[in-house]
Each structure stands twice: as structure tokens, then as C-alpha cells.
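What follows is the content of data_37.csv, which has CSV, C-alpha atoms:
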```csv
chain,number,residue,atom,x,y,z
P,1,MET,CA,61.6,106.2,94.5
P,2,PRO,CA,65.0,106.5,92.8
P,3,ILE,CA,67.7,108.1,94.9
P,4,LYS,CA,71.4,108.8,94.2
P,5,VAL,CA,74.2,107.3,96.3
P,6,LEU,CA,77.7,108.8,95.9
P,7,ILE,CA,80.4,106.1,96.1
P,8,PRO,CA,83.8,107.2,97.4
P,9,THR,CA,86.9,106.4,95.5
P,10,PRO,CA,88.0,103.4,97.6
P,11,LEU,CA,84.7,101.6,97.2
P,12,ARG,CA,84.3,102.0,93.5
P,13,PRO,CA,86.2,98.8,92.6
P,14,TYR,CA,83.5,96.9,94.5
P,15,ALA,CA,80.7,98.9,92.9
P,16,GLY,CA,81.4,98.4,89.2
P,17,ASN,CA,83.7,101.4,89.2
P,18,GLN,CA,80.8,103.7,89.4
P,19,SER,CA,80.9,107.0,91.3
P,20,ILE,CA,77.1,107.4,91.5
P,21,ILE,CA,74.6,104.6,91.8
P,22,GLU,CA,70.8,105.0,91.7
P,23,VAL,CA,68.7,102.8,93.9
P,24,ASN,CA,65.0,102.6,94.7
P,25,ALA,CA,64.3,103.3,98.4
P,26,GLN,CA,62.0,105.1,100.9
P,27,THR,CA,64.6,105.2,103.7
P,28,VAL,CA,68.4,105.4,104.0
P,29,GLY,CA,68.4,101.8,105.3
P,30,GLU,CA,66.5,100.6,102.2
P,31,ALA,CA,68.9,102.5,100.0
P,32,LEU,CA,72.0,100.8,101.6
P,33,THR,CA,70.3,97.4,101.4
P,34,ALA,CA,69.5,97.9,97.7
P,35,LEU,CA,73.0,99.1,97.1
P,36,VAL,CA,74.5,96.0,98.6
P,37,ALA,CA,72.0,93.8,96.7
P,38,GLN,CA,73.3,95.3,93.5
P,39,HIS,CA,76.9,95.1,94.5
P,40,PRO,CA,77.4,92.3,97.1
P,41,ASP,CA,81.2,93.0,97.3
P,42,LEU,CA,80.4,96.3,99.0
P,43,ARG,CA,78.9,94.5,102.0
P,44,ARG,CA,82.2,93.8,103.9
P,45,HIS,CA,83.4,97.4,103.3
P,46,LEU,CA,80.2,98.9,104.7
P,47,PHE,CA,78.9,96.5,107.4
P,48,SER,CA,80.4,94.6,110.2
P,49,GLU,CA,79.8,90.9,110.7
P,50,ASP,CA,76.8,91.6,112.9
P,51,GLY,CA,75.2,93.5,110.0
P,52,LYS,CA,75.6,97.0,111.5
P,53,LEU,CA,77.2,99.9,109.7
P,54,SER,CA,80.9,99.8,110.4
P,55,SER,CA,82.0,102.4,112.9
P,56,PHE,CA,84.4,104.0,110.4
P,57,VAL,CA,81.8,104.4,107.7
P,58,ASN,CA,79.9,107.7,107.7
P,59,VAL,CA,76.6,108.0,105.8
P,60,TYR,CA,75.2,111.4,105.1
P,61,LEU,CA,71.8,112.4,103.7
P,62,ASN,CA,72.7,115.6,101.8
P,63,ASP,CA,74.7,117.5,104.5
P,64,GLU,CA,73.4,115.6,107.6
P,65,ASP,CA,75.0,112.6,109.3
P,66,ILE,CA,72.2,110.0,109.5
P,67,ARG,CA,73.4,109.2,113.1
P,68,TYR,CA,71.8,112.6,114.1
P,69,LEU,CA,68.7,112.0,112.0
P,70,SER,CA,66.7,108.7,112.3
P,71,LYS,CA,69.7,106.5,111.3
P,72,ASP,CA,68.5,103.7,108.9
P,73,ALA,CA,64.9,104.8,109.2
P,74,THR,CA,65.6,108.3,107.9
P,75,PRO,CA,63.2,108.9,105.1
P,76,VAL,CA,64.5,110.0,101.7
P,77,LYS,CA,63.1,112.2,98.9
P,78,GLU,CA,63.9,111.8,95.2
P,79,THR,CA,66.0,115.0,95.3
P,80,ASP,CA,68.2,113.8,98.1
P,81,THR,CA,71.7,112.4,97.8
P,82,ILE,CA,73.2,109.8,100.0
P,83,ALA,CA,77.0,110.1,100.5
P,84,ILE,CA,79.2,107.4,101.9
P,85,VAL,CA,82.5,108.6,103.4
P,86,PRO,CA,84.9,106.4,105.3
P,87,SER,CA,86.6,108.3,108.2
P,88,VAL,CA,89.9,110.0,107.9
P,89,ALA,CA,92.1,110.0,111.0
P,90,GLY,CA,95.5,109.0,112.4
P,91,GLY,CA,98.5,110.5,114.1
P,92,ARG,CA,102.1,109.7,115.1
X,1,MET,CA,102.8,103.8,92.5
X,2,ALA,CA,103.3,107.6,92.1
X,3,LEU,CA,101.7,110.8,93.3
X,4,LYS,CA,102.1,113.7,91.0
X,5,ILE,CA,101.8,117.1,92.6
X,6,PRO,CA,102.7,120.6,91.5
X,7,ALA,CA,105.4,122.3,93.6
X,8,ALA,CA,103.1,125.0,94.8
X,9,LEU,CA,100.6,122.5,96.1
X,10,LEU,CA,103.3,120.5,97.8
X,11,ASP,CA,104.6,123.7,99.4
X,12,GLN,CA,101.0,124.6,100.5
X,13,LEU,CA,100.6,121.4,102.5
X,14,ARG,CA,104.0,121.6,104.0
X,15,ARG,CA,103.4,125.2,105.1
X,16,HIS,CA,100.1,124.0,106.7
X,17,GLY,CA,102.1,121.8,109.0
X,18,GLU,CA,104.3,124.7,110.0
X,19,GLN,CA,101.3,126.9,110.7
X,20,THR,CA,99.7,124.4,113.0
X,21,TYR,CA,102.9,123.3,114.8
X,22,PRO,CA,103.2,121.9,117.5
X,23,TYR,CA,99.9,120.4,116.5
X,24,GLU,CA,99.1,118.1,113.6
X,25,CYS,CA,97.6,119.6,110.5
X,26,CYS,CA,95.4,117.7,108.0
X,27,GLY,CA,93.7,118.1,104.7
X,28,VAL,CA,92.5,116.5,101.5
X,29,LEU,CA,94.2,116.0,98.1
X,30,VAL,CA,91.7,116.5,95.3
X,31,GLY,CA,92.8,115.2,91.9
X,32,GLU,CA,92.5,112.6,89.2
X,33,PHE,CA,93.3,108.9,88.8
X,34,ASP,CA,94.6,107.6,85.5
X,35,SER,CA,93.8,104.2,84.2
X,36,ALA,CA,96.8,102.7,86.0
X,37,GLY,CA,95.7,104.2,89.4
X,38,ARG,CA,98.4,106.9,89.4
X,39,LYS,CA,97.1,110.2,91.0
X,40,THR,CA,97.6,113.8,90.0
X,41,VAL,CA,96.8,116.4,92.6
X,42,LYS,CA,94.8,119.3,91.3
X,43,ALA,CA,94.0,121.0,94.6
X,44,VAL,CA,95.0,120.9,98.3
X,45,VAL,CA,92.1,121.5,100.7
X,46,PRO,CA,93.2,122.3,104.3
X,47,CYS,CA,90.8,121.0,107.0
X,48,GLY,CA,90.5,121.5,110.7
X,49,ASN,CA,91.7,118.9,113.1
X,50,THR,CA,88.8,117.8,115.3
X,51,ARG,CA,91.1,116.0,117.7
X,52,THR,CA,91.3,118.9,120.1
X,53,ASP,CA,91.8,116.5,123.0
X,54,SER,CA,95.2,115.5,121.6
X,55,PRO,CA,96.1,117.6,118.5
X,56,GLN,CA,99.9,117.2,119.0
X,57,ASN,CA,99.7,113.5,118.0
X,58,ARG,CA,96.3,112.8,116.5
X,59,TYR,CA,94.2,114.1,113.7
X,60,HIS,CA,90.7,113.6,112.5
X,61,ILE,CA,88.8,115.3,109.6
X,62,ASP,CA,85.2,116.1,110.2
X,63,PRO,CA,83.2,113.8,107.9
X,64,SER,CA,80.9,116.7,107.0
X,65,GLU,CA,84.0,118.4,105.5
X,66,LEU,CA,84.7,115.2,103.5
X,67,VAL,CA,81.2,115.1,102.2
X,68,ARG,CA,81.4,118.7,101.0
X,69,ILE,CA,84.9,118.2,99.5
X,70,GLN,CA,83.8,114.9,97.8
X,71,ARG,CA,80.7,116.5,96.3
X,72,GLU,CA,82.6,119.6,95.0
X,73,ALA,CA,85.4,117.5,93.6
X,74,MET,CA,82.9,115.2,91.7
X,75,LEU,CA,81.0,118.2,90.3
X,76,ALA,CA,84.4,119.5,89.0
X,77,GLY,CA,85.2,116.1,87.4
X,78,SER,CA,87.8,115.2,90.1
X,79,ASP,CA,87.9,112.9,93.1
X,80,ILE,CA,89.4,112.7,96.5
X,81,ALA,CA,92.8,111.2,95.7
X,82,GLY,CA,94.3,111.3,99.1
X,83,PHE,CA,95.0,113.1,102.4
X,84,TYR,CA,97.8,114.8,104.2
X,85,HIS,CA,98.8,115.4,107.8
X,86,SER,CA,101.9,116.4,109.7
X,87,HIS,CA,104.0,114.7,112.4
X,88,PRO,CA,105.3,117.4,114.7
X,89,ASP,CA,108.8,116.5,115.9
X,90,HIS,CA,108.4,112.9,114.6
X,91,PRO,CA,109.5,111.2,111.4
X,92,ALA,CA,107.5,111.4,108.1
X,93,GLN,CA,106.7,107.7,108.4
X,94,TRP,CA,103.2,106.2,108.9
X,95,SER,CA,102.4,105.0,112.4
X,96,VAL,CA,100.4,102.1,113.7
X,97,THR,CA,97.6,104.6,114.4
X,98,ASP,CA,97.8,105.9,110.9
X,99,LEU,CA,97.3,102.5,109.4
X,100,ALA,CA,94.6,101.5,111.9
X,101,GLU,CA,92.6,104.6,111.0
X,102,ALA,CA,93.2,104.5,107.2
X,103,HIS,CA,90.2,103.3,105.1
X,104,TRP,CA,90.6,105.0,101.7
X,105,THR,CA,92.2,102.1,99.7
X,106,GLY,CA,94.0,103.2,96.6
X,107,CYS,CA,94.4,106.8,98.0
X,108,SER,CA,97.6,108.6,99.0
X,109,TYR,CA,98.4,109.4,102.6
X,110,VAL,CA,101.0,112.1,102.6
X,111,ILE,CA,103.0,112.8,105.8
X,112,THR,CA,105.3,115.7,106.5
X,113,SER,CA,107.7,115.8,109.5
X,114,VAL,CA,107.8,119.2,111.1
X,115,GLU,CA,110.8,119.7,113.4
X,116,ASN,CA,110.9,122.8,115.6
X,117,GLY,CA,108.3,124.4,113.5
X,118,ARG,CA,109.9,123.8,110.1
X,119,ALA,CA,108.7,121.3,107.6
X,120,VAL,CA,111.5,118.8,106.8
X,121,LEU,CA,110.6,115.5,105.0
X,122,THR,CA,107.4,114.7,103.1
X,123,ASN,CA,106.6,111.1,102.2
X,124,SER,CA,103.6,109.5,100.6
X,125,PHE,CA,102.1,106.1,101.1
X,126,GLN,CA,99.3,104.4,99.2
X,127,LEU,CA,96.8,102.3,101.2
X,128,GLN,CA,96.6,98.8,99.8
X,129,ASP,CA,93.8,96.4,100.4
X,130,GLN,CA,95.4,93.1,100.9
X,131,VAL,CA,93.4,89.9,101.1
X,132,LYS,CA,93.2,89.9,104.9
X,133,ASP,CA,94.9,93.1,106.1
X,134,LYS,CA,95.4,96.5,104.7
X,135,ASP,CA,98.9,97.9,104.4
X,136,PHE,CA,100.7,101.1,103.3
X,137,GLU,CA,103.0,101.0,100.3
X,138,ASN,CA,105.8,103.6,99.8
X,139,GLU,CA,104.9,105.9,96.9
X,140,VAL,CA,107.1,108.2,94.8
X,141,ILE,CA,106.2,111.9,94.9
X,142,GLU,CA,106.7,113.4,91.5
X,143,VAL,CA,106.9,117.2,91.8
X,144,SER,CA,105.9,119.2,88.7
X,145,ASN,CA,106.1,122.9,88.1
```
Could you render the structure from this file as C-alpha cells?
Amino acid sequence: MPIKVLIPTPLRPYAGNQSIIEVNAQTVGEALTALVAQHPDLRRHLFSEDGKLSSFVNVYLNDEDIRYLSKDATPVKETDTIAIVPSVAGGR
Amino acid sequence: MALKIPAALLDQLRRHGEQTYPYECCGVLVGEFDSAGRKTVKAVVPCGNTRTDSPQNRYHIDPSELVRIQREAMLAGSDIAGFYHSHPDHPAQWSVTDLAEAHWTGCSYVITSVENGRAVLTNSFQLQDQVKDKDFENEVIEVSN
């Protein structure tokens, strides 16, 4: 089913400068796979070399962190929105 | 590169650093990018610092806050244009930790030095995506009325 993925500003240059991309998927993992298939340049910004989601990349299904759901296997509905948000941290 | 920000919003983020002193403050800059990548700040959104283990020299914004802010900004036709935090009793210069933890390429990272509870200098740096390593580039802050 089609599902919307919100692309954060730093990743848009690797996603055809789009802020919202629709992909066909039944799970969050399928959605991310479809997203990277459409826009291969996104891969190095989302996944580490071993193919796992980078530690600084947060993926939310609506308002829930997928790490606290079923991770990649989290099922999606057509009304859901996936948001990708790189982490924001630092300090002196 | 340049970051345009109304004086009232610049004052708001500087005051935030004074309010949380001696701890670091943090927040999000919501705004617009023009075709050349210059940013204009439309709103400053203060966030909580989740680094309660070391708030005097570290900050971290809860990603669930980022998701909410990103969604509301996009609905309003804006975007996340950058972030701000304070350096209590430390220069307004990015640190090794700031660079290591920065992932929003093209966005502004605004840092205010707060000395003895008073905001002193505010500088902005844009995160650049170099071929192999990211880097911060100094950025002019253009203050408007």
C-alpha cells in the first residue's frame, strides 16, 4: 500500500529535493528499502556499511520510535506517516 | 553562507541560554531556504535538554520533539533550518563533540557563549557535507528588525 515518508532537509539533495516521498510497503523496513531503491544516494546517509540503520538516524512511525515498536517489521497502514530525523546533539 | 534572523528571535535564543545557565540550552530554528541555500528564521522553538547526566557540557534534543517540530513546520510551509545551543562559560565556537554529533547538512548550528549567566557572543556555523568528512563553515548572522 502507498505510505508517505517525510524527508528531512539534509537528505533532500539525495532524494530528488523532495520533502515527501510515497512508497509501497507493508512494513517500515519495506518502506525504507523502497525509498533507497528509488533514491540510491540515500543509502549511505541512512544505513551503515553492514546494512543496519545508522545509530544517529531515528525513524518514527507517526509519533512512535520504531525501536520501541517492532523495528523494521513494524506494520504500516495507508494513513501512517514515516518520519526520518537525524539526531541533534553536541556540547562544548 | 548567511543566516537571517529577526532581532527578537535572536534575543529569544540568547535568553534561553541565560535561563538554563549553568546548563546548556538547545532548540530548533524553523525557517525557509532560498534557492541559494540561505536561511531565514521564522520561529525559534526551545527544546528540553535530555542530557541530564551532563547538562553543563552536553545537549541532546529528544527526537520525538524533532518529529513534531518537523511535521508542524512542513504543514506551515517551512522547514527545520537549524539548531541552537549554548556554551556555558565557554567560547561560542563549535567543539569536536558538536561536529561529531552534527548530521543536518546544510543547516545552521548557532552557538551562544554564556558567561556568568549572561549571553555574550552568538555565532553560526553551517554543516557542510564534504566528500569524505563533514565540516562546519563560519556563517554570517544577518539580524533584521
- Please measure the separation of atom CA of X:Gln19 and atom CA of P:Asp63, giving the value in Å to one decimal.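 That distance, rounded to one decimal, is 28.9 Å.
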Excluding X:Lys39 and its own-chain neighbours fewer than 6 positions away, which residues fall within 7 Å of it when counting all atoms listed in the file? Please give them as a tab-separated table (two decimals) with C-alpha atoms, keeping the file's coordinate frame.
```
chain	number	residue	atom	x	y	z
X	2	ALA	CA	103.30	107.60	92.10
X	3	LEU	CA	101.70	110.80	93.30
X	4	LYS	CA	102.10	113.70	91.00
X	31	GLY	CA	92.80	115.20	91.90
X	32	GLU	CA	92.50	112.60	89.20
X	33	PHE	CA	93.30	108.90	88.80
X	81	ALA	CA	92.80	111.20	95.70
```
| query | Could you work out how far atom CA of P:Ile84 lies from atom CA of P:Leu42, giving the answer in Å with one decimal? | reply |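 Atom CA of P:Ile84 lies 11.5 Å from atom CA of P:Leu42.
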Mind listing as JSON, numbers by chain which residues of chain P are within 6 Å of chain X, counting all atoms listed in the file?
{"P": [10, 88, 89, 90, 91, 92]}
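The coordinates place atom CA of P:Gln38 at 13.0 Å from atom CA of P:Ala25.
Counting all atoms listed in the file, the residue from X:Val120, X:Met1, X:Val114, X:Ala43 that sits nearest to X:Glu139 is X:Met1.
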Counting only C-alpha atoms, the residue among P:Ser48, P:Thr33, P:Thr27, P:Asn58 that lies closest to P:Asp72 is P:Thr27
When you look at P:Leu69 with a cut-off of 12 Å (counting only C-alpha atoms), what residues show up, excluding the ones that are within fewer than 5 positions of it in the same chain? I need them as an mmCIF file with C-alpha atoms, keeping the file's coordinate frame.
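Output below, filename out.cif:
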```
data_model
loop_
_atom_site.group_PDB
_atom_site.id
_atom_site.type_symbol
_atom_site.label_atom_id
_atom_site.label_comp_id
_atom_site.auth_asym_id
_atom_site.auth_seq_id
_atom_site.Cartn_x
_atom_site.Cartn_y
_atom_site.Cartn_z
ATOM 1 C CA THR P 27 64.600 105.200 103.700
ATOM 2 C CA VAL P 28 68.400 105.400 104.000
ATOM 3 C CA VAL P 59 76.600 108.000 105.800
ATOM 4 C CA TYR P 60 75.200 111.400 105.100
ATOM 5 C CA LEU P 61 71.800 112.400 103.700
ATOM 6 C CA ASN P 62 72.700 115.600 101.800
ATOM 7 C CA ASP P 63 74.700 117.500 104.500
ATOM 8 C CA GLU P 64 73.400 115.600 107.600
ATOM 9 C CA THR P 74 65.600 108.300 107.900
ATOM 10 C CA PRO P 75 63.200 108.900 105.100
ATOM 11 C CA VAL P 76 64.500 110.000 101.700
#
```
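Once all atoms listed in the file are considered, the residues situated within 7 Å of the file point (58.9, 104.1, 95.7) turn out to be Met1, Asn24, Ala25 and Gln26 of chain P.
Across X:Leu10, X:Ala119, X:Val45, X:Ile69, the tightest approach to P:Val85 is made by X:Ile69 when counting all atoms listed in the file.
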Residue nearest P:Ala73 among P:Gly29, P:Pro2, P:Gly16, P:Pro8 (counting all atoms listed in the file):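 Selected residue with least distance to P:Ala73: P:Gly29.
Of the listed residues P:Ser70, P:Ile3, P:Asp80, P:Gln18, the one whose atoms come nearest to P:Ala31 is P:Ile3, with distances taken using all atoms listed in the file.
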Complete the atom set of stretch 48-81 of chain X to N, CA and C atoms and return it as a PDB file, in the frame of the given file.
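Below is the file part_12.pdb, written as the result:
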```pdb
ATOM      1  N   GLY X  48      90.196 121.376 109.230  1.00  0.00           N
ATOM      2  CA  GLY X  48      90.500 121.500 110.700  1.00  0.00           C
ATOM      3  C   GLY X  48      90.722 120.169 111.276  1.00  0.00           C
ATOM      4  N   ASN X  49      91.475 120.156 112.374  1.00  0.00           N
ATOM      5  CA  ASN X  49      91.700 118.900 113.100  1.00  0.00           C
ATOM      6  C   ASN X  49      90.747 118.870 114.276  1.00  0.00           C
ATOM      7  N   THR X  50      89.816 117.901 114.222  1.00  0.00           N
ATOM      8  CA  THR X  50      88.800 117.800 115.300  1.00  0.00           C
ATOM      9  C   THR X  50      89.324 117.213 116.563  1.00  0.00           C
ATOM     10  N   ARG X  51      90.537 116.652 116.524  1.00  0.00           N
ATOM     11  CA  ARG X  51      91.100 116.000 117.700  1.00  0.00           C
ATOM     12  C   ARG X  51      91.674 117.038 118.688  1.00  0.00           C
ATOM     13  N   THR X  52      90.813 117.888 119.191  1.00  0.00           N
ATOM     14  CA  THR X  52      91.300 118.900 120.100  1.00  0.00           C
ATOM     15  C   THR X  52      91.729 118.378 121.439  1.00  0.00           C
ATOM     16  N   ASP X  53      91.393 117.103 121.708  1.00  0.00           N
ATOM     17  CA  ASP X  53      91.800 116.500 123.000  1.00  0.00           C
ATOM     18  C   ASP X  53      93.302 116.094 122.902  1.00  0.00           C
ATOM     19  N   SER X  54      93.845 115.885 121.690  1.00  0.00           N
ATOM     20  CA  SER X  54      95.200 115.500 121.600  1.00  0.00           C
ATOM     21  C   SER X  54      95.811 115.872 120.202  1.00  0.00           C
ATOM     22  N   PRO X  55      95.765 117.160 119.888  1.00  0.00           N
ATOM     23  CA  PRO X  55      96.100 117.600 118.500  1.00  0.00           C
ATOM     24  C   PRO X  55      97.622 117.503 118.235  1.00  0.00           C
ATOM     25  N   GLN X  56      98.437 117.290 119.283  1.00  0.00           N
ATOM     26  CA  GLN X  56      99.900 117.200 119.000  1.00  0.00           C
ATOM     27  C   GLN X  56     100.268 115.843 118.430  1.00  0.00           C
ATOM     28  N   ASN X  57      99.392 114.820 118.578  1.00  0.00           N
ATOM     29  CA  ASN X  57      99.700 113.500 118.000  1.00  0.00           C
ATOM     30  C   ASN X  57      98.560 112.768 117.385  1.00  0.00           C
ATOM     31  N   ARG X  58      97.453 113.448 117.173  1.00  0.00           N
ATOM     32  CA  ARG X  58      96.300 112.800 116.500  1.00  0.00           C
ATOM     33  C   ARG X  58      95.628 113.815 115.592  1.00  0.00           C
ATOM     34  N   TYR X  59      95.015 113.254 114.532  1.00  0.00           N
ATOM     35  CA  TYR X  59      94.200 114.100 113.700  1.00  0.00           C
ATOM     36  C   TYR X  59      92.933 113.373 113.280  1.00  0.00           C
ATOM     37  N   HIS X  60      91.933 114.130 112.971  1.00  0.00           N
ATOM     38  CA  HIS X  60      90.700 113.600 112.500  1.00  0.00           C
ATOM     39  C   HIS X  60      89.998 114.676 111.682  1.00  0.00           C
ATOM     40  N   ILE X  61      89.539 114.323 110.490  1.00  0.00           N
ATOM     41  CA  ILE X  61      88.800 115.300 109.600  1.00  0.00           C
ATOM     42  C   ILE X  61      87.340 115.104 109.821  1.00  0.00           C
ATOM     43  N   ASP X  62      86.643 116.191 110.081  1.00  0.00           N
ATOM     44  CA  ASP X  62      85.200 116.100 110.200  1.00  0.00           C
ATOM     45  C   ASP X  62      84.585 115.536 108.963  1.00  0.00           C
ATOM     46  N   PRO X  63      83.821 114.438 109.097  1.00  0.00           N
ATOM     47  CA  PRO X  63      83.200 113.800 107.900  1.00  0.00           C
ATOM     48  C   PRO X  63      82.355 114.762 107.089  1.00  0.00           C
ATOM     49  N   SER X  64      81.759 115.745 107.748  1.00  0.00           N
ATOM     50  CA  SER X  64      80.900 116.700 107.000  1.00  0.00           C
ATOM     51  C   SER X  64      81.794 117.502 106.022  1.00  0.00           C
ATOM     52  N   GLU X  65      83.064 117.738 106.408  1.00  0.00           N
ATOM     53  CA  GLU X  65      84.000 118.400 105.500  1.00  0.00           C
ATOM     54  C   GLU X  65      84.295 117.476 104.302  1.00  0.00           C
ATOM     55  N   LEU X  66      84.457 116.185 104.610  1.00  0.00           N
ATOM     56  CA  LEU X  66      84.700 115.200 103.500  1.00  0.00           C
ATOM     57  C   LEU X  66      83.577 115.136 102.552  1.00  0.00           C
ATOM     58  N   VAL X  67      82.354 115.155 103.088  1.00  0.00           N
ATOM     59  CA  VAL X  67      81.200 115.100 102.200  1.00  0.00           C
ATOM     60  C   VAL X  67      81.162 116.277 101.262  1.00  0.00           C
ATOM     61  N   ARG X  68      81.411 117.463 101.819  1.00  0.00           N
ATOM     62  CA  ARG X  68      81.400 118.700 101.000  1.00  0.00           C
ATOM     63  C   ARG X  68      82.522 118.631  99.949  1.00  0.00           C
ATOM     64  N   ILE X  69      83.708 118.242 100.375  1.00  0.00           N
ATOM     65  CA  ILE X  69      84.900 118.200  99.500  1.00  0.00           C
ATOM     66  C   ILE X  69      84.623 117.163  98.359  1.00  0.00           C
ATOM     67  N   GLN X  70      84.104 116.001  98.763  1.00  0.00           N
ATOM     68  CA  GLN X  70      83.800 114.900  97.800  1.00  0.00           C
ATOM     69  C   GLN X  70      82.818 115.410  96.749  1.00  0.00           C
ATOM     70  N   ARG X  71      81.758 116.063  97.223  1.00  0.00           N
ATOM     71  CA  ARG X  71      80.700 116.500  96.300  1.00  0.00           C
ATOM     72  C   ARG X  71      81.257 117.564  95.323  1.00  0.00           C
ATOM     73  N   GLU X  72      82.012 118.542  95.870  1.00  0.00           N
ATOM     74  CA  GLU X  72      82.600 119.600  95.000  1.00  0.00           C
ATOM     75  C   GLU X  72      83.578 119.037  94.021  1.00  0.00           C
ATOM     76  N   ALA X  73      84.373 118.076  94.477  1.00  0.00           N
ATOM     77  CA  ALA X  73      85.400 117.500  93.600  1.00  0.00           C
ATOM     78  C   ALA X  73      84.666 116.729  92.442  1.00  0.00           C
ATOM     79  N   MET X  74      83.626 115.970  92.771  1.00  0.00           N
ATOM     80  CA  MET X  74      82.900 115.200  91.700  1.00  0.00           C
ATOM     81  C   MET X  74      82.240 116.116  90.740  1.00  0.00           C
ATOM     82  N   LEU X  75      81.682 117.224  91.246  1.00  0.00           N
ATOM     83  CA  LEU X  75      81.000 118.200  90.300  1.00  0.00           C
ATOM     84  C   LEU X  75      82.066 118.779  89.367  1.00  0.00           C
ATOM     85  N   ALA X  76      83.319 118.900  89.828  1.00  0.00           N
ATOM     86  CA  ALA X  76      84.400 119.500  89.000  1.00  0.00           C
ATOM     87  C   ALA X  76      85.078 118.403  88.149  1.00  0.00           C
ATOM     88  N   GLY X  77      84.581 117.178  88.211  1.00  0.00           N
ATOM     89  CA  GLY X  77      85.200 116.100  87.400  1.00  0.00           C
ATOM     90  C   GLY X  77      86.424 115.511  88.047  1.00  0.00           C
ATOM     91  N   SER X  78      86.661 115.798  89.340  1.00  0.00           N
ATOM     92  CA  SER X  78      87.800 115.200  90.100  1.00  0.00           C
ATOM     93  C   SER X  78      87.324 114.278  91.129  1.00  0.00           C
ATOM     94  N   ASP X  79      88.244 113.871  91.989  1.00  0.00           N
ATOM     95  CA  ASP X  79      87.900 112.900  93.100  1.00  0.00           C
ATOM     96  C   ASP X  79      88.797 113.239  94.255  1.00  0.00           C
ATOM     97  N   ILE X  80      88.439 112.661  95.380  1.00  0.00           N
ATOM     98  CA  ILE X  80      89.400 112.700  96.500  1.00  0.00           C
ATOM     99  C   ILE X  80      90.450 111.631  96.168  1.00  0.00           C
ATOM    100  N   ALA X  81      91.703 112.117  96.065  1.00  0.00           N
ATOM    101  CA  ALA X  81      92.800 111.200  95.700  1.00  0.00           C
ATOM    102  C   ALA X  81      93.693 110.888  96.870  1.00  0.00           C
TER     103      ALA X  81
END
```
